[in-house]
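query16.tsv follows (TSV, C-alpha atoms):
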chain	number	residue	atom	x	y	z
A	8	MET	CA	-20.74	-36.67	-9.03
A	9	ARG	CA	-17.84	-34.18	-9.28
A	10	ALA	CA	-18.81	-33.38	-12.88
A	11	VAL	CA	-22.38	-32.60	-11.76
A	12	ARG	CA	-21.12	-30.26	-9.01
A	13	THR	CA	-18.85	-28.50	-11.51
A	14	VAL	CA	-21.71	-27.99	-13.97
A	15	VAL	CA	-24.04	-26.72	-11.24
A	16	ARG	CA	-21.35	-24.32	-9.96
A	17	MET	CA	-20.72	-22.99	-13.49
A	18	MET	CA	-24.39	-22.38	-14.37
A	19	PRO	CA	-24.54	-18.83	-12.93
A	20	LEU	CA	-21.32	-17.95	-14.77
A	21	VAL	CA	-22.65	-19.29	-18.05
A	22	ALA	CA	-25.92	-17.38	-17.59
A	23	LEU	CA	-24.00	-14.20	-16.80
A	24	CYS	CA	-21.83	-14.49	-19.89
A	25	MET	CA	-24.82	-15.28	-22.10
A	26	THR	CA	-26.60	-12.12	-20.91
A	27	CYS	CA	-23.58	-9.86	-20.98
A	28	SER	CA	-24.43	-7.28	-23.64
A	29	SER	CA	-20.79	-6.38	-24.22
A	30	CYS	CA	-19.90	-9.89	-25.32
A	31	GLY	CA	-21.98	-9.97	-28.44
A	32	ARG	CA	-21.28	-13.71	-28.68
A	33	SER	CA	-23.73	-16.56	-28.45
A	34	ASP	CA	-21.18	-19.07	-27.18
A	35	PRO	CA	-20.29	-18.30	-23.52
A	36	PHE	CA	-17.15	-20.43	-23.81
A	37	ASP	CA	-15.82	-18.31	-26.66
A	38	PRO	CA	-15.54	-14.95	-24.88
A	39	PRO	CA	-14.17	-11.76	-26.41
A	40	PRO	CA	-10.52	-10.81	-25.85
A	41	PHE	CA	-11.41	-8.87	-22.70
A	42	ALA	CA	-13.04	-11.80	-20.92
A	43	ALA	CA	-12.46	-11.71	-17.19
A	44	TYR	CA	-10.51	-14.25	-15.27
A	45	VAL	CA	-12.18	-15.39	-12.07
A	46	GLN	CA	-10.83	-18.12	-9.83
A	47	PRO	CA	-13.36	-20.94	-9.24
A	48	SER	CA	-14.80	-21.01	-5.73
A	49	THR	CA	-13.13	-24.32	-4.87
A	50	GLY	CA	-9.78	-23.36	-6.37
A	51	GLY	CA	-7.53	-25.78	-8.16
A	52	GLU	CA	-9.46	-25.96	-11.44
A	53	ASP	CA	-8.75	-23.89	-14.52
A	54	VAL	CA	-9.68	-20.23	-14.48
A	55	GLU	CA	-13.20	-19.59	-15.75
A	56	ARG	CA	-14.11	-16.71	-18.06
A	57	VAL	CA	-16.83	-14.17	-17.35
A	58	CYS	CA	-17.76	-10.96	-19.16
A	59	ILE	CA	-17.14	-7.78	-17.18
A	60	ARG	CA	-17.75	-4.32	-18.62
A	61	GLN	CA	-16.76	-2.06	-15.76
A	62	GLY	CA	-14.11	-2.24	-13.05
A	63	ILE	CA	-10.37	-2.88	-13.01
A	64	GLU	CA	-8.18	-5.19	-15.04
A	65	GLY	CA	-4.52	-5.85	-15.20
A	66	TYR	CA	-1.61	-7.94	-14.00
A	67	VAL	CA	0.05	-8.81	-10.72
A	68	LEU	CA	3.83	-9.05	-11.19
A	69	PHE	CA	6.44	-10.24	-8.68
A	70	TRP	CA	9.87	-8.60	-8.94
A	71	VAL	CA	12.90	-10.43	-7.51
A	72	GLY	CA	16.57	-9.45	-7.66
A	73	ASP	CA	18.78	-6.55	-8.60
A	74	PHE	CA	17.37	-4.06	-11.13
A	75	MET	CA	20.32	-1.68	-11.00
A	76	PRO	CA	22.26	-1.62	-14.28
A	77	PRO	CA	23.13	-4.16	-15.48
A	78	ALA	CA	19.81	-5.59	-14.33
A	79	SER	CA	19.83	-9.22	-13.29
A	80	GLY	CA	16.44	-9.49	-11.63
A	81	THR	CA	13.37	-11.34	-12.82
A	82	ILE	CA	9.74	-10.29	-13.16
A	83	ASN	CA	7.17	-13.08	-13.01
A	84	PRO	CA	3.37	-13.18	-13.11
A	85	ALA	CA	1.92	-13.87	-9.68
A	86	MET	CA	-1.25	-15.58	-8.49
A	87	ARG	CA	-2.55	-13.50	-5.59
A	88	GLU	CA	-5.79	-12.60	-3.84
A	89	ILE	CA	-6.64	-8.99	-4.71
A	90	LEU	CA	-8.60	-6.93	-2.19
A	91	ILE	CA	-10.49	-3.80	-3.16
A	92	HIS	CA	-11.32	-1.40	-0.31
A	93	GLU	CA	-12.93	1.99	-0.01
A	94	PRO	CA	-10.26	4.70	-0.38
A	95	THR	CA	-7.75	3.98	2.36
A	96	ARG	CA	-5.28	6.42	3.95
A	97	LEU	CA	-2.31	5.62	6.17
A	98	ASP	CA	-4.37	6.41	9.27
A	99	ASP	CA	-6.88	3.70	8.17
A	100	VAL	CA	-4.31	0.88	8.34
A	101	THR	CA	-1.87	-0.67	10.77
A	102	GLN	CA	1.43	-0.39	8.93
A	103	VAL	CA	4.28	-2.81	9.61
A	104	GLY	CA	7.11	-0.38	10.39
A	105	TYR	CA	7.67	1.89	7.40
A	106	SER	CA	7.12	-0.93	4.92
A	107	PRO	CA	4.43	-1.36	2.26
A	108	PHE	CA	2.93	-4.15	4.42
A	109	TYR	CA	-0.19	-3.72	6.54
A	110	SER	CA	-1.52	-6.03	9.24
A	111	GLU	CA	-4.97	-4.43	9.36
A	112	ILE	CA	-7.13	-2.40	6.98
A	113	ARG	CA	-9.98	-0.52	8.67
A	114	THR	CA	-11.91	0.59	5.59
A	115	GLN	CA	-14.78	-1.36	4.05
A	116	LEU	CA	-13.85	-4.29	1.80
A	117	VAL	CA	-15.74	-3.69	-1.46
A	118	ALA	CA	-14.66	-6.63	-3.64
A	119	ARG	CA	-12.06	-9.33	-3.97
A	120	GLY	CA	-10.67	-11.32	-6.83
A	121	ARG	CA	-7.71	-13.46	-7.77
A	122	SER	CA	-5.12	-13.25	-10.48
A	123	ASN	CA	-4.55	-16.34	-12.60
A	124	ASP	CA	-1.25	-18.13	-13.24
A	125	GLN	CA	-0.39	-15.47	-15.85
A	126	GLY	CA	-0.95	-12.72	-13.27
A	127	ARG	CA	-4.08	-11.52	-15.11
A	128	PHE	CA	-7.23	-10.41	-13.34
A	129	ARG	CA	-10.49	-8.51	-13.79
A	130	ILE	CA	-12.75	-7.36	-11.00
A	131	GLU	CA	-16.16	-5.82	-11.52
A	132	LEU	CA	-16.69	-2.56	-9.61
A	133	ALA	CA	-19.14	0.32	-9.52
A	134	PRO	CA	-17.84	3.72	-10.64
A	135	GLY	CA	-15.76	5.34	-7.90
A	136	THR	CA	-12.34	5.46	-6.29
A	137	TYR	CA	-10.84	2.48	-4.48
A	138	SER	CA	-7.66	1.27	-2.79
A	139	VAL	CA	-6.09	-1.96	-4.06
A	140	PHE	CA	-4.11	-4.45	-1.93
A	141	VAL	CA	-2.83	-7.99	-2.42
A	142	ARG	CA	-2.58	-10.59	0.30
A	143	GLU	CA	0.95	-11.72	1.14
A	144	GLY	CA	0.61	-14.45	3.76
A	145	ASP	CA	-1.09	-12.93	6.81
A	146	LEU	CA	-0.39	-9.37	5.66
A	147	PHE	CA	-1.68	-6.97	3.02
A	148	TYR	CA	0.68	-5.33	0.51
A	149	ALA	CA	0.45	-2.12	-1.50
A	150	ASN	CA	3.54	-0.15	-2.47
A	151	SER	CA	1.87	2.85	-4.06
A	152	PHE	CA	0.54	5.72	-1.99
A	153	SER	CA	0.02	9.46	-2.15
A	154	ASP	CA	-1.53	12.18	-0.01
A	155	GLY	CA	-4.91	10.95	-1.30
A	156	GLY	CA	-4.48	7.36	-0.15
A	157	ILE	CA	-2.93	3.94	-0.67
A	158	PHE	CA	-2.84	2.51	-4.24
A	159	LEU	CA	-5.81	4.55	-5.45
A	160	VAL	CA	-7.60	3.62	-8.66
A	161	THR	CA	-10.64	5.33	-10.16
A	162	VAL	CA	-13.26	3.37	-12.07
A	163	ALA	CA	-15.30	5.27	-14.67
A	164	ARG	CA	-18.76	4.24	-15.85
A	165	ASN	CA	-18.70	1.51	-18.54
A	166	ARG	CA	-14.88	1.34	-18.48
A	167	LEU	CA	-12.24	-1.14	-17.43
A	168	THR	CA	-9.42	0.72	-15.71
A	169	PRO	CA	-6.03	-0.92	-16.42
A	170	ILE	CA	-3.59	-1.35	-13.53
A	171	GLU	CA	-0.32	-3.14	-13.03
A	172	PHE	CA	0.23	-4.29	-9.47
A	173	ASN	CA	3.97	-4.69	-8.89
A	174	ILE	CA	5.13	-6.61	-5.83
A	175	THR	CA	8.66	-5.32	-5.33
A	176	TYR	CA	9.73	-6.06	-1.75
A	177	LEU	CA	12.38	-8.56	-2.94
A	178	ALA	CA	13.74	-6.22	-5.60
A	179	THR	CA	16.58	-3.69	-5.45
A	180	PHE	CA	16.42	-0.52	-7.53

The structure given in the file should be rewritten as structure tokens.
Amino acid sequence: MRAVRTVVRMMPLVALCMTCSSCGRSDPFDPPPFAAYVQPSTGGEDVERVCIRQGIEGYVLFWVGDFMPPASGTINPAMREILIHEPTRLDDVTQVGYSPFYSEIRTQLVARGRSNDQGRFRIELAPGTYSVFVREGDLFYANSFSDGGIFLVTVARNRLTPIEFNITYLATF
């Protein structure tokens, strides 16, 4: 019965990959190098691959330790929920003190995804500018901000915008 549920759950993903014009492959289980990594809806199983032509891609990395010379810290890939919001400014969030943590984000959630055990992710998005956060427990984390907003990324038409999301609150620089 579990196998049947797994097959039924995968059918839309298989159909999507088979119709994805950028793949150029007939076998949906042999995706091109830029195949997306999407966490299954039930979690726990292996990451499934889906073709995505436009949006963001990259890695979530967790930094721990001292990175002052001589550096003795470690950088590890991190599995995290990634939240994509409309462009978000400091007055659109409830910040925890002066930290890069936020207890509330008051802009529209546009998309969400999850990085795999290697920290890799891809999220399909329409062209535009977005703010990127990761969930850390009950809080949201983003350590990049400017006058324009918090962790802004711009997606161009028919492009995958590369980002590296560094979680550094346990690191010393």

> Could you name the residues that touch A:Phe180 at 10 Å or less, counting all atoms listed in the file, but leaving out those on the same chain fewer than 4 positions away, as a list in words?
Replying inline: Gly72, Asp73, Phe74, Met75, Pro76, Ala78, Gly80 and Thr175 of chain A

>> When you count only C-alpha atoms, which of these residues is closest to A:Cys58: A:Asn165, A:Glu131, A:Gln125, A:Ala118?
In response: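 For A:Cys58, the nearest of the candidates is A:Glu131.
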
> Rounded to one decimal in Å, what is the spacing between atom CA of A:Gly156 and atom CA of A:Leu116?
Replying inline: 15.1 Å

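Closest approach to A:Ile91 from the set A:Ile63, A:Val117, A:Ile130, A:Ile170 is made by A:Val117, with distances taken over only C-alpha atoms.
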
> What is the atom CA of A:Ser122-atom CA of A:Tyr66 distance in Å, reported with one decimal?
Replying inline: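 Going from atom CA of A:Ser122 over to atom CA of A:Tyr66, I get 7.3 Å.
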
> Separation of atom CA of A:Pro169 and atom CA of A:Gln61, in Å?
Replying inline: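 Here the two named atoms are 10.8 Å from each other.
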
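Minimum atom-to-atom distances from A:Thr179, A:Thr168, A:Ser151, A:Thr81 to A:Leu97 were compared using all atoms listed in the file, and the lowest value belongs to A:Ser151.
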
>> List as a PyMOL selection string the residues having at least one atom at most 12 Å from position (-6.3, 6.4, 11.6) as given in the file, counting all atoms listed in the file.
In response: chain A and resi 95-102+111-114+156

>> For a cutoff of 10 Å around the file-coordinate point (-2.6, -11.0, 0.7), which residues qualify once you count all atoms listed in the file? I'd like the result as a list of chain:residue names.
In response: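 So the residues meeting the distance criterion are A:Arg87, A:Glu88, A:Ile89, A:Leu90, A:Phe108, A:Tyr109, A:Ser110, A:Phe140, A:Val141, A:Arg142, A:Glu143, A:Gly144, A:Asp145, A:Leu146, A:Phe147, A:Tyr148, A:Ala149.
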
>> Given all atoms listed in the file as the basis, pick out the residue of A:Pro84, A:Gly135, A:Pro94, A:Gly155 nearest to A:Asn123.
In response: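 Closest candidate: A:Pro84.
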